[in-house]
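**Q** What follows is coords-v8.txt, compact mmCIF, C-alpha atoms.
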# COMPACT_ATOMS: atom_id res chain seq x y z
CA MET A 6 89.18 105.14 107.21
CA LEU A 7 90.64 102.12 108.96
CA ILE A 8 90.48 98.55 107.75
CA THR A 9 92.00 95.77 109.81
CA ILE A 10 92.88 92.58 107.97
CA SER A 11 93.72 89.62 110.16
CA GLY A 12 94.51 85.99 109.55
CA LEU A 13 96.94 83.24 110.35
CA PRO A 14 100.42 83.13 108.74
CA GLY A 15 100.23 82.47 105.01
CA SER A 16 96.54 83.36 104.69
CA GLY A 17 97.32 86.28 102.40
CA THR A 18 96.76 89.23 104.71
CA THR A 19 99.90 91.07 103.60
CA THR A 20 99.08 90.74 99.91
CA VAL A 21 95.44 91.71 100.38
CA SER A 22 96.30 94.64 102.66
CA ARG A 23 98.69 96.03 100.04
CA LEU A 24 96.03 95.77 97.34
CA VAL A 25 93.34 97.34 99.55
CA ALA A 26 95.65 100.18 100.60
CA ASP A 27 96.52 100.87 96.96
CA ALA A 28 92.87 100.76 95.86
CA LEU A 29 91.73 103.15 98.59
CA GLY A 30 94.85 105.32 98.89
CA LEU A 31 95.43 104.28 102.50
CA ALA A 32 98.64 103.93 104.48
CA ARG A 33 99.48 100.44 105.76
CA LEU A 34 100.66 99.54 109.23
CA PRO A 35 100.93 95.74 109.30
CA GLY A 36 101.06 94.37 112.83
CA GLY A 37 102.83 91.24 111.58
CA GLU A 38 105.61 93.31 110.05
CA VAL A 39 105.95 95.35 113.25
CA PHE A 40 106.16 92.07 115.21
CA ARG A 41 108.85 90.81 112.80
CA GLN A 42 110.77 94.07 113.27
CA MET A 43 110.57 93.65 117.05
CA ALA A 44 111.91 90.09 116.71
CA ALA A 45 114.84 91.36 114.62
CA GLU A 46 115.52 94.13 117.15
CA ALA A 47 115.65 91.46 119.87
CA GLY A 48 118.03 89.35 117.76
CA MET A 49 115.54 86.48 117.55
CA THR A 50 113.84 84.54 114.83
CA LEU A 51 110.11 85.03 114.49
CA ALA A 52 109.49 81.63 116.09
CA GLU A 53 111.83 82.37 119.00
CA PHE A 54 110.24 85.76 119.54
CA GLY A 55 106.76 84.25 119.52
CA VAL A 56 107.78 81.84 122.30
CA HIS A 57 109.46 84.71 124.18
CA ALA A 58 106.33 86.87 123.83
CA GLN A 59 104.19 84.17 125.44
CA ASP A 60 106.09 84.60 128.70
CA HIS A 61 106.52 88.36 128.37
CA PRO A 62 103.19 90.22 128.03
CA SER A 63 105.16 93.46 127.71
CA ILE A 64 105.90 92.40 124.10
CA ASP A 65 102.23 92.63 123.17
CA ARG A 66 101.91 95.92 125.04
CA GLU A 67 104.86 97.32 123.08
CA LEU A 68 103.29 96.10 119.84
CA ASP A 69 100.07 97.83 120.89
CA ASP A 70 101.99 101.04 121.60
CA ARG A 71 103.59 100.94 118.17
CA LEU A 72 100.17 100.53 116.57
CA ALA A 73 98.44 103.02 118.91
CA ALA A 74 98.42 105.82 116.34
CA ARG A 75 95.36 104.09 114.89
CA ALA A 76 93.63 103.47 118.20
CA GLY A 77 90.12 104.70 118.68
CA LEU A 78 89.16 104.70 115.03
CA ARG A 79 86.21 102.70 113.84
CA ALA A 80 87.34 99.96 111.54
CA VAL A 81 86.07 97.45 109.04
CA ARG A 82 87.33 94.22 110.57
CA VAL A 83 88.29 91.49 108.11
CA TRP A 84 89.48 87.94 108.79
CA VAL A 85 91.10 85.93 106.01
CA ASP A 86 90.79 82.17 106.43
CA CYS A 87 92.84 79.69 104.43
CA ALA A 88 93.42 75.93 104.47
CA ASP A 89 96.43 74.94 106.56
CA GLU A 90 98.17 73.17 103.67
CA VAL A 91 97.82 76.17 101.37
CA ARG A 92 99.11 78.52 104.06
CA ALA A 93 102.09 76.23 104.58
CA GLU A 94 102.91 76.21 100.87
CA ARG A 95 102.83 80.02 100.78
CA VAL A 96 104.98 80.37 103.88
CA ALA A 97 107.46 77.82 102.54
CA VAL A 98 107.93 79.86 99.37
CA ARG A 99 108.16 83.13 101.32
CA ASP A 100 110.61 81.79 103.92
CA GLY A 101 112.59 79.39 101.73
CA THR A 102 111.69 76.26 103.64
CA THR A 103 109.71 73.09 102.97
CA ALA A 104 105.94 72.91 103.10
CA ALA A 105 106.18 70.26 105.84
CA GLN A 106 108.40 72.51 107.96
CA ALA A 107 106.16 75.51 107.33
CA LEU A 108 103.09 73.47 108.31
CA ALA A 109 104.74 72.55 111.62
CA ASP A 110 105.99 76.10 112.20
CA ASN A 111 102.57 77.58 111.38
CA ALA A 112 100.84 75.20 113.81
CA ALA A 113 103.28 76.04 116.60
CA ARG A 114 103.01 79.78 115.95
CA SER A 115 99.22 79.65 115.77
CA ASP A 116 99.03 77.76 119.07
CA LEU A 117 101.27 80.34 120.74
CA GLU A 118 99.30 83.26 119.32
CA ARG A 119 95.98 81.75 120.40
CA ALA A 120 97.29 81.34 123.95
CA ARG A 121 98.83 84.84 124.03
CA TYR A 122 95.76 86.59 122.67
CA ARG A 123 93.54 84.76 125.15
CA ALA A 124 95.85 85.59 128.08
CA VAL A 125 96.69 89.20 127.19
CA TYR A 126 93.50 90.41 125.50
CA ALA A 127 90.85 87.80 126.40
CA ILE A 128 90.38 87.31 122.64
CA ASP A 129 89.54 83.94 121.10
CA LEU A 130 91.23 83.91 117.68
CA ASP A 131 88.84 81.18 116.56
CA ASP A 132 85.78 83.39 117.19
CA ARG A 133 84.94 85.02 113.86
CA SER A 134 81.82 86.77 115.18
CA THR A 135 83.73 90.00 115.82
CA TYR A 136 84.58 90.43 112.13
CA ASP A 137 82.57 92.37 109.57
CA LEU A 138 83.84 90.16 106.74
CA VAL A 139 85.21 86.63 106.88
CA LEU A 140 86.85 85.68 103.59
CA ASP A 141 88.72 82.58 102.42
CA SER A 142 91.90 82.82 100.39
CA THR A 143 92.27 79.07 99.86
CA THR A 144 90.95 79.33 96.30
CA GLU A 145 89.80 82.95 96.01
CA PRO A 146 92.55 85.16 94.54
CA PRO A 147 93.79 88.28 96.37
CA GLU A 148 92.16 90.56 93.79
CA ALA A 149 88.72 89.10 94.48
CA LEU A 150 89.18 89.41 98.24
CA THR A 151 90.36 92.99 97.73
CA ALA A 152 87.31 93.86 95.65
CA ARG A 153 84.99 92.61 98.40
CA ILE A 154 86.81 94.60 101.08
CA VAL A 155 86.99 97.77 98.98
CA ASP A 156 83.29 97.51 98.10
CA ARG A 157 82.38 97.14 101.80
CA ALA A 158 84.59 100.08 102.79
CA ARG A 159 83.14 102.33 100.09
CA VAL A 160 79.56 101.50 101.09
CA LEU A 161 80.32 102.24 104.74
CA ASP A 162 82.15 105.43 103.80
CA ALA A 163 79.15 106.61 101.78
CA GLU A 164 76.95 105.89 104.81
CA GLY A 165 79.20 108.03 107.06
CA TYR A 166 80.49 105.07 109.07
CA TRP A 167 83.78 106.73 110.06
CA SER A 168 82.24 110.05 111.02
CA ALA A 169 79.55 108.45 113.24
CA ARG A 170 81.47 107.71 116.43
Let me see the structure of the file written as structure tokens.
**A**
Amino acid sequence: MLITISGLPGSGTTTVSRLVADALGLARLPGGEVFRQMAAEAGMTLAEFGVHAQDHPSIDRELDDRLAARAGLRAVRVWVDCADEVRAERVAVRDGTTAAQALADNAARSDLERARYRAVYAIDLDDRSTYDLVLDSTTEPPEALTARIVDRARVLDAEGYWSAR
């Protein structure tokens, strides 16, 4: 069983993915954490590494390689939306900065990621049509989002979704 949970920085994907993994007994492999690890290995901040990655498509290919163990599996694809101001407040707490700085950093990072994903993968990060579930963490707590994802995964599992390739 594979569940991908995507969203912009501060949308709650890490929290929700932990809860979903615990509820379903799944291992987690967060792409964002792998990207952060790659930034640390390169001796760069996350923001610096994001700018660097824009001019070096090999960064995304390496990220793909590190995540390739999961390639080929059918997945429940989830996108977690969240208001920009709420995301900024969460990132500010997480990173020990101000909400205003986090808002600016989030906007810059999101712009870079949109451009990179379009250039490297021909993916429009604003197109939600490819997702099975689009949730909003602005006011909905992580536990409620988790319940919706877990319910969807269990229904699909009962229907043989992962065995029907």
**Q** Between A:Asp60, A:Gly48, A:Trp167, A:Thr18, which has the minimum distance to Thr151 in chain A (counting all atoms listed in the file)?
**A** A:Thr18
**Q** Residues within 9 Å of Gly17 in chain A, please, as an MDAnalysis selection string. Count all atoms listed in the file; anything in the same chain fewer than 4 positions from it doesn't count.
**A** chainID A and resid 12:13 21:22 85:87 92 95 142 147
**Q** So, counting only C-alpha atoms, which residue among A:Val81, A:Arg114, A:Tyr122, A:His61 is closest to Arg159 in chain A?
**A**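 Once distances to Arg159 in chain A are computed over only C-alpha atoms, the minimum belongs to A:Val81.
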**Q** Would you compute the distance between CA of Leu130 in chain A and CA of Thr9 in chain A? Give it in Å to one decimal.
**A**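 Going from CA of Leu130 in chain A over to CA of Thr9 in chain A covers 14.3 Å.
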**Q** What does the distance from CA of Pro62 in chain A to CA of Thr135 in chain A come to in Å, to one decimal?
**A**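 Calculated distance between CA of Pro62 in chain A and CA of Thr135 in chain A is 23.0 Å.
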**Q** Identify which of the residues A:Asp162, A:Val91, A:Leu140, A:Leu117 lies closest to Ala104 in chain A, counting all atoms listed in the file when measuring atom-to-atom distances.
**A**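 Closest to Ala104 in chain A of all the choices is A:Val91.
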**Q** Excluding Ile154 in chain A and residues on its chain fewer than 4 positions from it, collect all residues at most 9 Å away from it, counting all atoms listed in the file, and give them as a list in words.
**A**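 Residues near the query, excluding close chain neighbours: Ile8, Val25, Val81, Val83, Leu138, Ala149, Leu150, Ala158 and Arg159 of chain A.
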**Q** Need the neighbours of (103.8, 94.3, 107.2): which residues are at most 12 Å away, counting all atoms listed in the file, as a compact mmCIF listing (two decimals) with C-alpha atoms, keeping the file's coordinate frame?
**A**
# COMPACT_ATOMS: atom_id res chain seq x y z
CA ILE A 10 92.88 92.58 107.97
CA SER A 11 93.72 89.62 110.16
CA PRO A 14 100.42 83.13 108.74
CA GLY A 17 97.32 86.28 102.40
CA THR A 18 96.76 89.23 104.71
CA THR A 19 99.90 91.07 103.60
CA THR A 20 99.08 90.74 99.91
CA VAL A 21 95.44 91.71 100.38
CA SER A 22 96.30 94.64 102.66
CA ARG A 23 98.69 96.03 100.04
CA ALA A 32 98.64 103.93 104.48
CA ARG A 33 99.48 100.44 105.76
CA LEU A 34 100.66 99.54 109.23
CA PRO A 35 100.93 95.74 109.30
CA GLY A 36 101.06 94.37 112.83
CA GLY A 37 102.83 91.24 111.58
CA GLU A 38 105.61 93.31 110.05
CA VAL A 39 105.95 95.35 113.25
CA PHE A 40 106.16 92.07 115.21
CA ARG A 41 108.85 90.81 112.80
CA GLN A 42 110.77 94.07 113.27
CA MET A 43 110.57 93.65 117.05
CA LEU A 72 100.17 100.53 116.57
**Q** With a distance cut-off of 10 Å and only C-alpha atoms, select the neighbouring residues of Ala52 in chain A, excluding the residue or stretch itself and same-chain residues fewer than 3 positions from it, and output the selection as an MDAnalysis selection string.
**A** chainID A and resid 41 44 49 55:58 110:111 113:114 117
**Q** Which one is closest to Ala47 in chain A: A:Arg133, A:Thr102, A:Glu145, A:Ile64? Count all atoms listed in the file.
**A**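 Looking only at the distances to Ala47 in chain A, the closest residue turns out to be A:Ile64.
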**Q** Between A:Arg71, A:Ala105, A:Gln59, A:Glu53, which one has atoms that come closest to Asp89 in chain A, using all atoms listed in the file?
**A**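 Smallest separation from Asp89 in chain A among the options: A:Ala105.
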**Q** Return the single residue from A:Ala28, A:Ala120, A:Ala112, A:Ala127 that is closest to Arg153 in chain A, with distances computed using all atoms listed in the file.
**A**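 Among the listed residues, the smallest separation from Arg153 in chain A belongs to A:Ala28.
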**Q** Quick one: distance from CA of Arg82 in chain A to CA of Asp131 in chain A in Å, one decimal?
**A** 14.4 Å
